[in-house]
$ cat final-v9.cif   # mmCIF, C-alpha atoms and all ligand atoms
data_final
#
loop_
_atom_site.group_PDB
_atom_site.id
_atom_site.type_symbol
_atom_site.label_atom_id
_atom_site.label_comp_id
_atom_site.auth_asym_id
_atom_site.auth_seq_id
_atom_site.Cartn_x
_atom_site.Cartn_y
_atom_site.Cartn_z
ATOM 1 C CA MET A 1051 -12.011 9.494 16.601
ATOM 2 C CA ASP A 1052 -14.206 7.368 18.875
ATOM 3 C CA LYS A 1053 -15.016 3.771 18.021
ATOM 4 C CA LYS A 1054 -18.800 4.313 17.837
ATOM 5 C CA ARG A 1055 -18.428 7.063 15.228
ATOM 6 C CA LEU A 1056 -15.900 5.013 13.278
ATOM 7 C CA ALA A 1057 -18.443 2.196 12.971
ATOM 8 C CA GLN A 1058 -20.347 4.316 10.392
ATOM 9 C CA PHE A 1059 -17.217 4.637 8.275
ATOM 10 C CA ALA A 1060 -16.066 2.601 5.297
ATOM 11 C CA SER A 1061 -12.412 1.595 5.441
ATOM 12 C CA ALA A 1062 -9.457 0.103 3.572
ATOM 13 C CA ALA A 1063 -6.263 -1.620 4.734
ATOM 14 C CA ALA A 1064 -2.639 -0.607 4.244
ATOM 15 C CA LYS A 1065 -0.432 -2.983 2.262
ATOM 16 C CA THR A 1066 3.103 -4.238 2.153
ATOM 17 C CA ILE A 1067 4.959 -5.496 -0.899
ATOM 18 C CA LEU A 1068 6.704 -8.732 0.092
ATOM 19 C CA PHE A 1069 8.428 -9.240 -3.258
ATOM 20 C CA GLY A 1070 8.904 -7.475 -6.558
ATOM 21 C CA GLU A 1071 8.591 -3.710 -6.015
ATOM 22 C CA HIS A 1072 10.000 -1.730 -8.953
ATOM 23 C CA ALA A 1073 10.156 -4.906 -11.077
ATOM 24 C CA VAL A 1074 6.310 -4.869 -11.251
ATOM 25 C CA VAL A 1075 6.504 -1.563 -13.122
ATOM 26 C CA TYR A 1076 8.271 -3.473 -15.943
ATOM 27 C CA GLY A 1077 5.799 -6.338 -16.186
ATOM 28 C CA GLN A 1078 7.524 -8.693 -13.740
ATOM 29 C CA PRO A 1079 5.355 -10.273 -11.029
ATOM 30 C CA GLY A 1080 5.193 -8.986 -7.458
ATOM 31 C CA ILE A 1081 3.622 -10.246 -4.228
ATOM 32 C CA ALA A 1082 1.705 -7.951 -1.892
ATOM 33 C CA ILE A 1083 -0.343 -8.543 1.234
ATOM 34 C CA PRO A 1084 -2.872 -6.347 3.054
ATOM 35 C CA LEU A 1085 -2.164 -5.125 6.591
ATOM 36 C CA PRO A 1086 -5.719 -5.155 7.986
ATOM 37 C CA SER A 1087 -4.855 -3.575 11.337
ATOM 38 C CA LEU A 1088 -3.535 -0.371 9.729
ATOM 39 C CA ARG A 1089 -6.471 1.353 7.999
ATOM 40 C CA ALA A 1090 -7.837 4.468 6.309
ATOM 41 C CA PHE A 1091 -11.475 5.403 7.041
ATOM 42 C CA ALA A 1092 -13.976 7.525 5.107
ATOM 43 C CA ALA A 1093 -17.621 8.501 5.415
ATOM 44 C CA LEU A 1094 -19.889 10.596 3.230
ATOM 45 C CA ILE A 1095 -22.163 12.374 5.688
ATOM 46 C CA ASP A 1096 -25.235 14.493 4.873
ATOM 47 C CA GLY A 1097 -25.384 17.881 6.604
ATOM 48 C CA SER A 1098 -28.549 19.606 7.700
ATOM 49 C CA GLU A 1099 -27.490 23.246 7.541
ATOM 50 C CA ASP A 1100 -26.972 25.346 4.483
ATOM 51 C CA ASP A 1101 -23.190 25.349 4.710
ATOM 52 C CA GLY A 1102 -22.224 23.503 1.523
ATOM 53 C CA PHE A 1103 -20.050 20.434 1.071
ATOM 54 C CA ARG A 1104 -16.532 20.062 2.482
ATOM 55 C CA ILE A 1105 -13.779 17.475 2.575
ATOM 56 C CA VAL A 1106 -12.579 17.240 6.154
ATOM 57 C CA SER A 1107 -9.570 15.313 7.424
ATOM 58 C CA LYS A 1108 -7.399 15.953 10.458
ATOM 59 C CA SER A 1109 -4.945 13.205 9.494
ATOM 60 C CA ILE A 1110 -4.239 14.564 6.024
ATOM 61 C CA GLY A 1111 -4.740 18.216 6.983
ATOM 62 C CA LEU A 1112 -7.792 19.063 4.847
ATOM 63 C CA ASN A 1113 -10.861 21.203 5.460
ATOM 64 C CA ALA A 1114 -12.167 22.702 2.219
ATOM 65 C CA PRO A 1115 -14.934 22.493 -0.380
ATOM 66 C CA PRO A 1116 -13.733 20.230 -3.252
ATOM 67 C CA ASP A 1117 -13.774 23.051 -5.816
ATOM 68 C CA ALA A 1118 -11.495 25.192 -3.645
ATOM 69 C CA LEU A 1119 -8.795 22.529 -4.100
ATOM 70 C CA PRO A 1120 -6.486 22.291 -7.151
ATOM 71 C CA GLU A 1121 -8.058 20.377 -10.058
ATOM 72 C CA THR A 1122 -5.522 17.582 -9.716
ATOM 73 C CA HIS A 1123 -6.031 17.197 -5.962
ATOM 74 C CA PRO A 1124 -6.471 13.412 -5.417
ATOM 75 C CA GLN A 1125 -9.593 13.629 -3.238
ATOM 76 C CA ARG A 1126 -11.264 16.254 -5.437
ATOM 77 C CA LYS A 1127 -10.499 14.206 -8.558
ATOM 78 C CA LEU A 1128 -11.799 11.033 -6.991
ATOM 79 C CA LEU A 1129 -15.129 12.617 -5.978
ATOM 80 C CA GLU A 1130 -15.550 13.963 -9.533
ATOM 81 C CA LEU A 1131 -14.708 10.579 -11.005
ATOM 82 C CA LEU A 1132 -17.196 8.787 -8.731
ATOM 83 C CA SER A 1133 -19.986 11.294 -9.432
ATOM 84 C CA GLN A 1134 -19.439 10.889 -13.167
ATOM 85 C CA ARG A 1135 -19.054 7.114 -13.161
ATOM 86 C CA PHE A 1136 -22.172 6.429 -11.124
ATOM 87 C CA GLY A 1137 -24.254 9.472 -12.201
ATOM 88 C CA LYS A 1138 -24.693 10.652 -8.595
ATOM 89 C CA SER A 1139 -24.299 14.201 -7.270
ATOM 90 C CA LEU A 1140 -22.674 14.877 -3.933
ATOM 91 C CA PRO A 1141 -25.047 16.059 -1.202
ATOM 92 C CA ARG A 1142 -25.416 19.881 -1.347
ATOM 93 C CA ASN A 1143 -24.731 20.080 2.348
ATOM 94 C CA GLY A 1144 -22.507 17.590 4.010
ATOM 95 C CA ARG A 1145 -18.947 16.372 4.210
ATOM 96 C CA LEU A 1146 -16.543 13.670 3.210
ATOM 97 C CA GLU A 1147 -14.655 12.775 6.385
ATOM 98 C CA ILE A 1148 -11.346 10.953 6.125
ATOM 99 C CA GLU A 1149 -9.188 9.494 8.900
ATOM 100 C CA SER A 1150 -6.093 7.386 8.480
ATOM 101 C CA SER A 1151 -3.574 5.683 10.736
ATOM 102 C CA ILE A 1152 -1.329 4.780 7.772
ATOM 103 C CA PRO A 1153 1.924 6.777 7.563
ATOM 104 C CA VAL A 1154 2.201 8.743 4.301
ATOM 105 C CA ALA A 1155 5.046 8.457 1.764
ATOM 106 C CA ALA A 1156 6.353 5.425 3.617
ATOM 107 C CA GLY A 1157 5.689 2.482 1.294
ATOM 108 C CA LEU A 1158 2.485 1.236 2.939
ATOM 109 C CA GLY A 1159 0.005 2.340 0.284
ATOM 110 C CA SER A 1160 -1.537 5.203 2.240
ATOM 111 C CA GLY A 1161 -2.740 7.022 -0.913
ATOM 112 C CA ALA A 1162 -4.437 3.939 -2.396
ATOM 113 C CA ALA A 1163 -6.007 3.031 0.956
ATOM 114 C CA VAL A 1164 -7.515 6.535 1.316
ATOM 115 C CA SER A 1165 -8.887 6.247 -2.252
ATOM 116 C CA VAL A 1166 -10.416 2.813 -1.668
ATOM 117 C CA ALA A 1167 -11.962 3.942 1.639
ATOM 118 C CA ILE A 1168 -13.551 6.934 -0.174
ATOM 119 C CA ILE A 1169 -14.861 4.725 -3.001
ATOM 120 C CA ARG A 1170 -16.421 2.373 -0.443
ATOM 121 C CA ALA A 1171 -17.920 5.324 1.490
ATOM 122 C CA PHE A 1172 -19.420 6.691 -1.734
ATOM 123 C CA ALA A 1173 -20.806 3.249 -2.615
ATOM 124 C CA GLN A 1174 -22.288 2.951 0.893
ATOM 125 C CA ARG A 1175 -23.966 6.384 0.726
ATOM 126 C CA PHE A 1176 -25.545 5.722 -2.678
ATOM 127 C CA GLU A 1177 -26.211 2.007 -2.146
ATOM 128 C CA LEU A 1178 -23.943 0.956 -5.007
ATOM 129 C CA SER A 1179 -22.007 -2.285 -5.105
ATOM 130 C CA PRO A 1180 -18.945 -2.029 -7.356
ATOM 131 C CA ASP A 1181 -16.904 -5.260 -7.378
ATOM 132 C CA GLU A 1182 -13.234 -5.393 -6.304
ATOM 133 C CA GLU A 1183 -12.023 -4.977 -9.885
ATOM 134 C CA GLU A 1184 -14.004 -1.773 -10.362
ATOM 135 C CA VAL A 1185 -12.901 -0.399 -6.971
ATOM 136 C CA SER A 1186 -9.309 -1.175 -7.935
ATOM 137 C CA GLU A 1187 -9.643 0.427 -11.360
ATOM 138 C CA LEU A 1188 -11.135 3.632 -9.891
ATOM 139 C CA ALA A 1189 -8.368 3.860 -7.286
ATOM 140 C CA PHE A 1190 -5.810 3.287 -10.055
ATOM 141 C CA GLU A 1191 -6.929 6.538 -11.739
ATOM 142 C CA ILE A 1192 -5.921 8.409 -8.585
ATOM 143 C CA GLU A 1193 -2.690 6.406 -8.167
ATOM 144 C CA LYS A 1194 -1.620 8.023 -11.443
ATOM 145 C CA ILE A 1195 -1.687 11.423 -9.705
ATOM 146 C CA TYR A 1196 0.489 10.155 -6.842
ATOM 147 C CA HIS A 1197 2.857 7.961 -8.853
ATOM 148 C CA GLY A 1198 2.927 9.057 -12.487
ATOM 149 C CA ALA A 1199 2.942 5.574 -14.082
ATOM 150 C CA PRO A 1200 2.056 3.126 -11.302
ATOM 151 C CA SER A 1201 2.091 -0.645 -11.784
ATOM 152 C CA GLY A 1202 -1.327 -1.041 -10.130
ATOM 153 C CA ILE A 1203 -0.147 -3.387 -7.374
ATOM 154 C CA ASP A 1204 -1.147 -1.045 -4.499
ATOM 155 C CA ASN A 1205 -4.745 -0.376 -5.585
ATOM 156 C CA THR A 1206 -5.196 -4.067 -6.475
ATOM 157 C CA VAL A 1207 -4.073 -5.588 -3.165
ATOM 158 C CA ILE A 1208 -5.981 -2.936 -1.215
ATOM 159 C CA ALA A 1209 -9.216 -3.345 -3.199
ATOM 160 C CA TYR A 1210 -9.080 -7.160 -2.908
ATOM 161 C CA GLU A 1211 -7.742 -7.111 0.672
ATOM 162 C CA GLN A 1212 -6.046 -10.464 0.313
ATOM 163 C CA PRO A 1213 -2.507 -11.636 -0.525
ATOM 164 C CA ILE A 1214 -1.962 -11.421 -4.276
ATOM 165 C CA PHE A 1215 0.497 -12.436 -6.971
ATOM 166 C CA TYR A 1216 0.327 -9.484 -9.320
ATOM 167 C CA THR A 1217 1.502 -8.960 -12.875
ATOM 168 C CA ARG A 1218 0.736 -5.655 -14.526
ATOM 169 C CA GLY A 1219 -2.191 -5.846 -16.965
ATOM 170 C CA GLN A 1220 -3.317 -9.276 -15.724
ATOM 171 C CA PRO A 1221 -6.071 -10.144 -13.234
ATOM 172 C CA ALA A 1222 -4.772 -10.435 -9.664
ATOM 173 C CA ARG A 1223 -4.115 -14.004 -8.516
ATOM 174 C CA PRO A 1224 -4.933 -14.556 -4.832
ATOM 175 C CA ILE A 1225 -2.254 -16.565 -3.005
ATOM 176 C CA ARG A 1226 -3.675 -19.191 -0.709
ATOM 177 C CA SER A 1227 -1.663 -20.192 2.307
ATOM 178 C CA ASN A 1228 -3.011 -21.721 5.468
ATOM 179 C CA TRP A 1229 -0.836 -19.988 7.988
ATOM 180 C CA GLN A 1230 -0.012 -16.476 9.110
ATOM 181 C CA LEU A 1231 3.528 -15.301 8.392
ATOM 182 C CA PRO A 1232 5.153 -13.769 11.523
ATOM 183 C CA ILE A 1233 5.832 -10.489 9.755
ATOM 184 C CA LEU A 1234 7.029 -7.285 11.339
ATOM 185 C CA ILE A 1235 6.721 -3.883 9.704
ATOM 186 C CA ALA A 1236 8.912 -1.021 10.892
ATOM 187 C CA ASP A 1237 9.567 2.508 9.721
ATOM 188 C CA THR A 1238 12.949 4.161 9.180
ATOM 189 C CA GLY A 1239 11.253 7.514 9.791
ATOM 190 C CA ILE A 1240 12.659 8.740 6.448
ATOM 191 C CA GLN A 1241 10.060 9.946 3.926
ATOM 192 C CA ALA A 1242 10.865 9.377 0.275
ATOM 193 C CA SER A 1243 9.120 10.319 -2.965
ATOM 194 C CA THR A 1244 7.890 7.264 -4.898
ATOM 195 C CA ILE A 1245 7.671 9.281 -8.119
ATOM 196 C CA ASP A 1246 11.377 10.312 -7.916
ATOM 197 C CA ILE A 1247 12.629 6.833 -7.039
ATOM 198 C CA VAL A 1248 10.580 5.180 -9.800
ATOM 199 C CA ALA A 1249 11.965 7.814 -12.221
ATOM 200 C CA SER A 1250 15.557 7.073 -11.186
ATOM 201 C CA VAL A 1251 15.056 3.340 -11.856
ATOM 202 C CA ARG A 1252 13.576 4.234 -15.260
ATOM 203 C CA HIS A 1253 16.556 6.473 -15.975
ATOM 204 C CA ALA A 1254 18.899 3.504 -15.525
ATOM 205 C CA TYR A 1255 16.745 1.268 -17.777
ATOM 206 C CA PRO A 1256 17.543 -0.878 -19.857
ATOM 207 C CA GLY A 1257 20.983 -1.200 -18.200
ATOM 208 C CA ASN A 1258 19.324 -2.510 -15.030
ATOM 209 C CA LYS A 1259 16.970 -4.919 -16.864
ATOM 210 C CA PRO A 1260 18.852 -8.076 -15.771
ATOM 211 C CA ILE A 1261 18.342 -7.057 -12.115
ATOM 212 C CA ILE A 1262 14.642 -6.407 -12.728
ATOM 213 C CA ASP A 1263 14.236 -9.802 -14.448
ATOM 214 C CA ALA A 1264 16.049 -11.516 -11.559
ATOM 215 C CA ILE A 1265 13.616 -9.885 -9.085
ATOM 216 C CA GLY A 1266 10.727 -11.248 -11.175
ATOM 217 C CA SER A 1267 12.035 -14.794 -10.891
ATOM 218 C CA ILE A 1268 12.374 -14.358 -7.105
ATOM 219 C CA SER A 1269 8.652 -13.411 -6.939
ATOM 220 C CA ARG A 1270 7.758 -16.591 -8.853
ATOM 221 C CA ARG A 1271 9.807 -18.784 -6.502
ATOM 222 C CA ALA A 1272 8.397 -16.948 -3.484
ATOM 223 C CA ALA A 1273 4.781 -17.582 -4.584
ATOM 224 C CA ALA A 1274 5.478 -21.335 -4.552
ATOM 225 C CA ALA A 1275 7.321 -21.114 -1.209
ATOM 226 C CA ILE A 1276 4.424 -19.184 0.390
ATOM 227 C CA HIS A 1277 1.882 -21.609 -1.011
ATOM 228 C CA GLU A 1278 3.817 -24.556 0.458
ATOM 229 C CA ASN A 1279 4.658 -22.846 3.787
ATOM 230 C CA ARG A 1280 8.448 -23.039 3.308
ATOM 231 C CA ILE A 1281 9.299 -20.237 5.722
ATOM 232 C CA ASP A 1282 13.125 -20.487 5.579
ATOM 233 C CA GLU A 1283 13.025 -20.227 1.801
ATOM 234 C CA ILE A 1284 10.678 -17.218 1.954
ATOM 235 C CA GLY A 1285 13.177 -15.485 4.277
ATOM 236 C CA ALA A 1286 16.149 -16.315 2.051
ATOM 237 C CA LEU A 1287 14.280 -14.989 -0.998
ATOM 238 C CA MET A 1288 13.487 -11.745 0.848
ATOM 239 C CA ASN A 1289 17.205 -11.264 1.546
ATOM 240 C CA GLU A 1290 18.047 -12.002 -2.084
ATOM 241 C CA ASN A 1291 15.353 -9.553 -3.240
ATOM 242 C CA GLN A 1292 16.860 -6.881 -0.947
ATOM 243 C CA ARG A 1293 20.339 -7.472 -2.373
ATOM 244 C CA LEU A 1294 18.953 -6.873 -5.866
ATOM 245 C CA LEU A 1295 17.064 -3.754 -4.713
ATOM 246 C CA GLN A 1296 20.376 -2.415 -3.384
ATOM 247 C CA GLU A 1297 21.883 -3.065 -6.804
ATOM 248 C CA LEU A 1298 18.991 -1.052 -8.276
ATOM 249 C CA ASN A 1299 20.093 1.740 -5.928
ATOM 250 C CA VAL A 1300 16.716 2.108 -4.196
ATOM 251 C CA SER A 1301 17.862 1.330 -0.671
ATOM 252 C CA CYS A 1302 19.823 3.653 1.642
ATOM 253 C CA GLY A 1303 22.315 3.490 4.532
ATOM 254 C CA PRO A 1304 19.883 3.744 7.478
ATOM 255 C CA LEU A 1305 17.587 1.141 5.879
ATOM 256 C CA ASN A 1306 20.483 -1.283 5.343
ATOM 257 C CA GLN A 1307 21.561 -0.820 8.959
ATOM 258 C CA PHE A 1308 18.090 -1.635 10.309
ATOM 259 C CA LEU A 1309 17.920 -4.718 8.079
ATOM 260 C CA ALA A 1310 21.315 -5.877 9.390
ATOM 261 C CA ILE A 1311 20.112 -5.422 12.996
ATOM 262 C CA ALA A 1312 16.975 -7.458 12.240
ATOM 263 C CA ARG A 1313 19.017 -10.280 10.691
ATOM 264 C CA ARG A 1314 21.516 -10.330 13.568
ATOM 265 C CA ALA A 1315 18.522 -10.576 15.933
ATOM 266 C CA GLY A 1316 17.394 -13.746 14.153
ATOM 267 C CA ALA A 1317 15.219 -12.556 11.243
ATOM 268 C CA LEU A 1318 14.859 -15.134 8.472
ATOM 269 C CA GLY A 1319 14.542 -12.356 5.925
ATOM 270 C CA ALA A 1320 14.425 -8.561 5.814
ATOM 271 C CA LYS A 1321 13.910 -6.081 3.008
ATOM 272 C CA LEU A 1322 12.600 -2.631 2.177
ATOM 273 C CA THR A 1323 8.971 -2.444 1.091
ATOM 274 C CA GLY A 1324 7.508 -0.053 -1.480
ATOM 275 C CA ALA A 1325 9.615 2.448 -3.348
ATOM 276 C CA GLY A 1326 12.531 2.447 -0.861
ATOM 277 C CA ARG A 1327 15.281 4.969 0.077
ATOM 278 C CA GLY A 1328 13.607 5.163 3.483
ATOM 279 C CA GLY A 1329 10.018 4.402 4.392
ATOM 280 C CA ASN A 1330 9.136 1.059 5.890
ATOM 281 C CA PHE A 1331 10.791 -2.317 5.843
ATOM 282 C CA VAL A 1332 9.441 -5.815 6.293
ATOM 283 C CA VAL A 1333 11.000 -8.519 8.431
ATOM 284 C CA LEU A 1334 10.119 -12.212 8.575
ATOM 285 C CA ALA A 1335 10.636 -13.867 11.965
ATOM 286 C CA ARG A 1336 10.534 -17.594 12.672
ATOM 287 C CA ASN A 1337 7.717 -17.171 15.191
ATOM 288 C CA ASP A 1338 5.954 -14.550 17.326
ATOM 289 C CA ALA A 1339 8.449 -14.823 20.221
ATOM 290 C CA GLU A 1340 11.380 -14.093 17.882
ATOM 291 C CA LYS A 1341 9.383 -11.307 16.262
ATOM 292 C CA LYS A 1342 9.098 -9.671 19.708
ATOM 293 C CA THR A 1343 12.876 -9.865 20.300
ATOM 294 C CA ILE A 1344 13.592 -8.395 16.843
ATOM 295 C CA ALA A 1345 11.037 -5.605 17.438
ATOM 296 C CA GLU A 1346 12.729 -4.675 20.731
ATOM 297 C CA LYS A 1347 16.180 -4.490 19.109
ATOM 298 C CA LEU A 1348 14.870 -2.380 16.216
ATOM 299 C CA THR A 1349 13.062 -0.009 18.581
ATOM 300 C CA ARG A 1350 16.257 0.431 20.603
ATOM 301 C CA ALA A 1351 18.086 1.268 17.350
ATOM 302 C CA GLY A 1352 15.527 4.026 16.550
ATOM 303 C CA ALA A 1353 13.083 2.314 14.151
ATOM 304 C CA ILE A 1354 9.344 2.819 14.639
ATOM 305 C CA VAL A 1355 7.768 -0.635 14.804
ATOM 306 C CA ARG A 1356 4.327 -0.418 13.191
ATOM 307 C CA LEU A 1357 3.176 -4.056 13.385
HETATM 308 O O1 LIG A 1401 6.036 3.072 -2.069
HETATM 309 P P1 LIG A 1401 4.710 2.676 -2.620
HETATM 310 O O2 LIG A 1401 3.811 2.118 -1.608
HETATM 311 O O3 LIG A 1401 4.093 3.794 -3.361
HETATM 312 O O4 LIG A 1401 4.962 1.455 -3.640
HETATM 313 C C1 LIG A 1401 5.555 1.654 -4.874
HETATM 314 C C2 LIG A 1401 5.809 0.355 -5.555
HETATM 315 C C3 LIG A 1401 6.628 0.488 -6.827
HETATM 316 O O5 LIG A 1401 6.804 -0.827 -7.339
HETATM 317 C C4 LIG A 1401 8.006 1.081 -6.532
HETATM 318 C C5 LIG A 1401 5.943 1.354 -7.854
HETATM 319 C C6 LIG A 1401 4.733 0.722 -8.512
HETATM 320 O O6 LIG A 1401 3.997 1.459 -9.165
HETATM 321 O O7 LIG A 1401 4.534 -0.498 -8.403
#
$ encode --input "final-v9.cif" --output "structure tokens"
Amino acid sequence: MDKKRLAQFASAAAKTILFGEHAVVYGQPGIAIPLPSLRAFAALIDGSEDDGFRIVSKSIGLNAPPDALPETHPQRKLLELLSQRFGKSLPRNGRLEIESSIPVAAGLGSGAAVSVAIIRAFAQRFELSPDEEEVSELAFEIEKIYHGAPSGIDNTVIAYEQPIFYTRGQPARPIRSNWQLPILIADTGIQASTIDIVASVRHAYPGNKPIIDAIGSISRRAAAAIHENRIDEIGALMNENQRLLQELNVSCGPLNQFLAIARRAGALGAKLTGAGRGGNFVVLARNDAEKKTIAEKLTRAGAIVRL
């Protein structure tokens, strides 16, 4: 898609969970940050011919009128929800166009980012101005289709587009820090189903509760470390969080190998991000030069460096 056309589109960022995935489902805090350079785009465009309304997306493989899709289809559901909520009908002729550079089923919040981009496109077309909380709450309705019983961390960080300390059922708390963490995001290339992994953690509950509580206390310590720019401590807490995620059985061999390569190459911390058992991982380097060296080693080992 060319840049000029994209300028008419609304958009939303991908996200990464720095601390607390899985534990957030059980009311423990988590920390997530937006990844503004990886984005989903959407536009609601009026058509002039009498050819009806279609949802069109090359990146998610869609080209159909909403009512030709299953009733629980996320984009169909979202358009219905928006029409109802704001009392606006979709244009009779036109299209919802969606583009996304965020890998799907890989722990980067692709589903929530597509939802938020669509909500913003709808708001743009009808000159509405929902606040971040309302955008987040609308996207949460669709997260339920993707995830079953989501914690809400993905839709919240994406709607607010700023680093947040998140506890389920409480307002998001923005984390203020005055410097950019040299963070690298890379993909194992393995797709994994969030819904299945979340279910397997639930299956082992309450036996795994002590691990989940320990992850929660890591998130609390990490929030203070981020706030006070203590980079070595942030890295150490990421490694500790990963060890606990392995105990929860949500990591996997190839992921652990990539994390070991990153640490040997000088990473201060490295862990999976999102549901796990594949998908993406997040690495904290001391600075941009070290980040480059780590990225080269990971690429040579077969990881796809995203950022
Ligand atoms: O893999 P993702 O991006 O769908 O993230 C899931 C995060 C979990 O904590 C595992 C689930 C949740 O609802 O918070």
$ residues_near_ligand --input "final-v9.cif" --ligand "ligand LIG 1401 (chain A)" --cutoff "8 Å" --atoms "all atoms listed in the file" --output "MDAnalysis selection string"
chainID A and resid 1065:1067 1070:1075 1155:1161 1197 1199:1204 1243:1244 1247:1248 1323:1326 1329
$ closest_residue --input "final-v9.cif" --among "A:Leu1234, A:Leu1287, A:Ile1110, A:Ile1169" --to "Lys1341 in chain A" --atoms "only C-alpha atoms"
A:Leu1234
$ atom_distance --input "final-v9.cif" --atom1 "CA of Ser1186 in chain A" --atom2 "CA of Ile1105 in chain A"
21.9 Å
$ closest_atom_pairs --input "final-v9.cif" --of "range 1190-1276 of chain A" --to "range 1118-1128 of chain A" --cutoff "10 Å" --atoms "only C-alpha atoms" --output "Markdown table"
| residue | atom | partner | partner_atom | distance |
| --- | --- | --- | --- | --- |
| A:Glu1191 | CA | A:Leu1128 | CA | 8.2 |
| A:Ile1192 | CA | A:Pro1124 | CA | 5.9 |
| A:Glu1193 | CA | A:Pro1124 | CA | 8.4 |
| A:Lys1194 | CA | A:Pro1124 | CA | 9.4 |
| A:Ile1195 | CA | A:Pro1124 | CA | 6.7 |
| A:Tyr1196 | CA | A:Pro1124 | CA | 7.8 |
$ closest_residue --input "final-v9.cif" --among "A:Pro1256, A:Gly1080, A:Pro1141, A:Gly1319" --to "Leu1334 in chain A" --atoms "all atoms listed in the file"
A:Gly1319
$ residues_around --input "final-v9.cif" --residues "Ile1214 in chain A" --least-positions-apart "2" --cutoff "12 Å" --atoms "all atoms listed in the file" --output "PyMOL selection string"
chain A and resi 1065-1070+1079-1084+1202-1212+1216-1217+1220-1227+1269-1270+1272-1273+1276-1277
$ write_last_selection --input "final-v9.cif" --atoms "C-alpha atoms" --output "mmCIF file, keeping the file's coordinate frame"
data_model
loop_
_atom_site.group_PDB
_atom_site.id
_atom_site.type_symbol
_atom_site.label_atom_id
_atom_site.label_comp_id
_atom_site.auth_asym_id
_atom_site.auth_seq_id
_atom_site.Cartn_x
_atom_site.Cartn_y
_atom_site.Cartn_z
ATOM 1 C CA LYS A 1065 -0.432 -2.983 2.262
ATOM 2 C CA THR A 1066 3.103 -4.238 2.153
ATOM 3 C CA ILE A 1067 4.959 -5.496 -0.899
ATOM 4 C CA LEU A 1068 6.704 -8.732 0.092
ATOM 5 C CA PHE A 1069 8.428 -9.240 -3.258
ATOM 6 C CA GLY A 1070 8.904 -7.475 -6.558
ATOM 7 C CA PRO A 1079 5.355 -10.273 -11.029
ATOM 8 C CA GLY A 1080 5.193 -8.986 -7.458
ATOM 9 C CA ILE A 1081 3.622 -10.246 -4.228
ATOM 10 C CA ALA A 1082 1.705 -7.951 -1.892
ATOM 11 C CA ILE A 1083 -0.343 -8.543 1.234
ATOM 12 C CA PRO A 1084 -2.872 -6.347 3.054
ATOM 13 C CA GLY A 1202 -1.327 -1.041 -10.130
ATOM 14 C CA ILE A 1203 -0.147 -3.387 -7.374
ATOM 15 C CA ASP A 1204 -1.147 -1.045 -4.499
ATOM 16 C CA ASN A 1205 -4.745 -0.376 -5.585
ATOM 17 C CA THR A 1206 -5.196 -4.067 -6.475
ATOM 18 C CA VAL A 1207 -4.073 -5.588 -3.165
ATOM 19 C CA ILE A 1208 -5.981 -2.936 -1.215
ATOM 20 C CA ALA A 1209 -9.216 -3.345 -3.199
ATOM 21 C CA TYR A 1210 -9.080 -7.160 -2.908
ATOM 22 C CA GLU A 1211 -7.742 -7.111 0.672
ATOM 23 C CA GLN A 1212 -6.046 -10.464 0.313
ATOM 24 C CA TYR A 1216 0.327 -9.484 -9.320
ATOM 25 C CA THR A 1217 1.502 -8.960 -12.875
ATOM 26 C CA GLN A 1220 -3.317 -9.276 -15.724
ATOM 27 C CA PRO A 1221 -6.071 -10.144 -13.234
ATOM 28 C CA ALA A 1222 -4.772 -10.435 -9.664
ATOM 29 C CA ARG A 1223 -4.115 -14.004 -8.516
ATOM 30 C CA PRO A 1224 -4.933 -14.556 -4.832
ATOM 31 C CA ILE A 1225 -2.254 -16.565 -3.005
ATOM 32 C CA ARG A 1226 -3.675 -19.191 -0.709
ATOM 33 C CA SER A 1227 -1.663 -20.192 2.307
ATOM 34 C CA SER A 1269 8.652 -13.411 -6.939
ATOM 35 C CA ARG A 1270 7.758 -16.591 -8.853
ATOM 36 C CA ALA A 1272 8.397 -16.948 -3.484
ATOM 37 C CA ALA A 1273 4.781 -17.582 -4.584
ATOM 38 C CA ILE A 1276 4.424 -19.184 0.390
ATOM 39 C CA HIS A 1277 1.882 -21.609 -1.011
#
$ closest_residue --input "final-v9.cif" --among "A:Ala1189, A:Ile1095, A:Ile1235, A:Leu1056" --to "Ser1150 in chain A" --atoms "only C-alpha atoms"
A:Leu1056
$ resolve_selection --input "final-v9.cif" --expression "the PyMOL selection byres (((chain A and resi 1299) around 10) and not hetatm)" --output "ChimeraX atom specification"
/A:1247,1250-1251,1254,1293-1298,1300-1302,1326-1327
$ residues_around --input "final-v9.cif" --residues "range 1131-1140 of chain A" --least-positions-apart "2" --cutoff "12 Å" --atoms "all atoms listed in the file" --output "PyMOL selection string"
chain A and resi 1094-1097+1102-1105+1115-1116+1121-1122+1124-1129+1142-1146+1165-1166+1168-1173+1175-1180+1184-1185+1187-1192
$ atom_distance --input "final-v9.cif" --atom1 "CA of Ala1249 in chain A" --atom2 "CA of Tyr1076 in chain A"
12.4 Å
$ closest_residue --input "final-v9.cif" --among "A:Lys1108, A:Asn1291, A:Ile1233, A:Ile1240" --to "Glu1340 in chain A" --atoms "only C-alpha atoms"
A:Ile1233
$ residues_around --input "final-v9.cif" --residues "Ile1354 in chain A" --least-positions-apart "4" --cutoff "10 Å" --atoms "only C-alpha atoms" --output "list in words"
Ile1235, Ala1236, Asp1237, Thr1238, Gly1239, Asn1330, Ala1345, Leu1348, Thr1349 and Arg1350 of chain A
$ resolve_selection --input "final-v9.cif" --expression "the PyMOL selection byres (((chain A and resi 1085-1091) around 7) and not hetatm)" --output "JSON, numbers by chain"
{"A": [1059, 1060, 1061, 1062, 1063, 1064, 1065, 1066, 1083, 1084, 1092, 1148, 1149, 1150, 1151, 1152, 1163, 1164, 1167]}
